[in-house]
Amino acid sequence: VTAPHYVWQSAADAMEDVEVDSKDRAQHAHLVASVVAFEEGLGELLVGDHLSRALFRVEHTAELARFLVGLSRSLPSELAEELVLSLMRVAIDSISAGHASAAVISYIYPTIDACKISLKSSIYATPVKALFGALDDRHTAFLLDGNSD
């Protein structure tokens, strides 16, 4: 079985496929890669709350929540942060307005937490990698300097 090739013209086109294909866990990796590669509409999907609002529309909330967590792990930290903020905005708005079912409420907060955890690890990973890179450079320079005698 081959994965579908997505060609989206708009964020609305992308959302149609995300809402349908996120039902199937086997499609998640391909779908995540396609959404991340959708540079023209990725910002709109996140900032426009399209991905977050889908949690309140689809019947397969658990699968879409898993997809969003996988997506957050694949996004650069600034976009992953936008996803977390979007999920929080939509959760607050929908719950306050009484538009959230118990099933959605049971998934929204764990989804936000899982996305925040992956965001924290990516934020902390970058400075740590930079620190180890700087230490490696110093060690190499020390070794080279020591061998120049």
# chains A, B, ... in the order shown; residues from 1 in each chain; ligands from 1
>>> residues_around(residues="A:Ala91", least_positions_apart="6", cutoff="10 Å", atoms="only C-alpha atoms", output="ChimeraX atom specification")
/A:52-53,55-56,85,97,99-100,104-105,108-109,112
>>> select_by_dssp(residues="chain A", states="alpha helix (DSSP H)", output="PyMOL selection string")
chain A and resi 11-21+28-37+39-47+50-54+61-74+77-96+102-147
>>> residues_around(residues="A:Gln9", least_positions_apart="6", cutoff="10 Å", atoms="only C-alpha atoms", output="ChimeraX atom specification")
/A:38,40-41
>>> write_last_selection(atoms="all heavy atoms", output="mmCIF file, in the first residue's frame")
data_model
loop_
_atom_site.group_PDB
_atom_site.id
_atom_site.type_symbol
_atom_site.label_atom_id
_atom_site.label_comp_id
_atom_site.auth_asym_id
_atom_site.auth_seq_id
_atom_site.Cartn_x
_atom_site.Cartn_y
_atom_site.Cartn_z
ATOM 1 N N PHE A 38 4.527 21.511 3.912
ATOM 2 C CA PHE A 38 3.544 22.441 3.338
ATOM 3 C C PHE A 38 3.841 23.860 3.809
ATOM 4 O O PHE A 38 3.091 24.463 4.562
ATOM 5 C CB PHE A 38 2.130 21.993 3.731
ATOM 6 C CG PHE A 38 1.013 22.817 3.150
ATOM 7 C CD1 PHE A 38 0.988 23.165 1.815
ATOM 8 C CD2 PHE A 38 -0.037 23.227 3.948
ATOM 9 C CE1 PHE A 38 -0.043 23.915 1.281
ATOM 10 C CE2 PHE A 38 -1.082 23.971 3.437
ATOM 11 C CZ PHE A 38 -1.085 24.324 2.095
ATOM 12 N N GLU A 40 3.809 26.817 2.460
ATOM 13 C CA GLU A 40 2.916 27.930 2.143
ATOM 14 C C GLU A 40 1.750 28.042 3.113
ATOM 15 O O GLU A 40 1.255 29.122 3.377
ATOM 16 C CB GLU A 40 2.343 27.803 0.717
ATOM 17 C CG GLU A 40 3.341 27.592 -0.379
ATOM 18 C CD GLU A 40 3.740 26.135 -0.549
ATOM 19 O OE1 GLU A 40 2.887 25.237 -0.475
ATOM 20 O OE2 GLU A 40 4.941 25.910 -0.739
ATOM 21 N N GLY A 41 1.288 26.912 3.630
ATOM 22 C CA GLY A 41 0.100 26.940 4.473
ATOM 23 C C GLY A 41 0.304 26.506 5.904
ATOM 24 O O GLY A 41 -0.629 26.541 6.700
#
>>> residues_around(residues="stretch 28-33 of chain A", least_positions_apart="4", cutoff="8 Å", atoms="only C-alpha atoms", output="list of chain:residue names")
A:Ala3, A:Val18, A:Asp21, A:Ser22, A:Asp24, A:Ala37, A:Phe67, A:Gly70, A:Leu71, A:Ser74
>>> write_last_selection(atoms="N, CA, C and O atoms", output="PDB file, in the first residue's frame")
ATOM      1  N   ALA A   3       1.526   5.361   0.172  1.00  0.00           N
ATOM      2  CA  ALA A   3       0.942   6.525   0.826  1.00  0.00           C
ATOM      3  C   ALA A   3       0.493   7.524  -0.239  1.00  0.00           C
ATOM      4  O   ALA A   3       1.118   7.633  -1.289  1.00  0.00           O
ATOM      5  N   VAL A  18      -6.063  15.955   6.351  1.00  0.00           N
ATOM      6  CA  VAL A  18      -5.638  15.670   7.722  1.00  0.00           C
ATOM      7  C   VAL A  18      -6.790  15.060   8.511  1.00  0.00           C
ATOM      8  O   VAL A  18      -6.612  14.061   9.215  1.00  0.00           O
ATOM      9  N   ASP A  21      -7.403  11.409   6.827  1.00  0.00           N
ATOM     10  CA  ASP A  21      -6.300  10.444   6.869  1.00  0.00           C
ATOM     11  C   ASP A  21      -5.694  10.249   8.249  1.00  0.00           C
ATOM     12  O   ASP A  21      -4.994   9.260   8.468  1.00  0.00           O
ATOM     13  N   SER A  22      -5.965  11.150   9.186  1.00  0.00           N
ATOM     14  CA  SER A  22      -5.426  10.971  10.538  1.00  0.00           C
ATOM     15  C   SER A  22      -6.119   9.828  11.274  1.00  0.00           C
ATOM     16  O   SER A  22      -5.656   9.394  12.321  1.00  0.00           O
ATOM     17  N   ASP A  24      -6.135   6.839  10.308  1.00  0.00           N
ATOM     18  CA  ASP A  24      -5.285   5.666  10.103  1.00  0.00           C
ATOM     19  C   ASP A  24      -3.877   5.949  10.619  1.00  0.00           C
ATOM     20  O   ASP A  24      -3.141   6.735  10.028  1.00  0.00           O
ATOM     21  N   ALA A  37       6.143  19.840   5.346  1.00  0.00           N
ATOM     22  CA  ALA A  37       6.652  20.316   4.052  1.00  0.00           C
ATOM     23  C   ALA A  37       5.730  21.348   3.393  1.00  0.00           C
ATOM     24  O   ALA A  37       6.122  22.008   2.435  1.00  0.00           O
ATOM     25  N   PHE A  67      -1.701  12.247  16.170  1.00  0.00           N
ATOM     26  CA  PHE A  67      -1.110  12.895  15.005  1.00  0.00           C
ATOM     27  C   PHE A  67      -0.518  14.253  15.388  1.00  0.00           C
ATOM     28  O   PHE A  67       0.597  14.588  14.993  1.00  0.00           O
ATOM     29  N   GLY A  70       2.702  13.865  17.267  1.00  0.00           N
ATOM     30  CA  GLY A  70       3.751  13.513  16.313  1.00  0.00           C
ATOM     31  C   GLY A  70       4.179  14.709  15.491  1.00  0.00           C
ATOM     32  O   GLY A  70       5.375  14.908  15.217  1.00  0.00           O
ATOM     33  N   LEU A  71       3.222  15.527  15.109  1.00  0.00           N
ATOM     34  CA  LEU A  71       3.534  16.735  14.349  1.00  0.00           C
ATOM     35  C   LEU A  71       4.379  17.690  15.182  1.00  0.00           C
ATOM     36  O   LEU A  71       5.364  18.241  14.691  1.00  0.00           O
ATOM     37  N   SER A  74       7.959  17.025  15.135  1.00  0.00           N
ATOM     38  CA  SER A  74       8.617  17.205  13.846  1.00  0.00           C
ATOM     39  C   SER A  74       8.783  18.663  13.447  1.00  0.00           C
ATOM     40  O   SER A  74       9.477  18.951  12.481  1.00  0.00           O
TER      41      SER A  74
END
>>> residues_around(residues="A:Val20", least_positions_apart="3", cutoff="10 Å", atoms="only C-alpha atoms", output="list of chain:residue names")
A:Met15, A:Glu16, A:Asp17, A:Lys23, A:Asp24, A:Val58, A:His60, A:Leu64
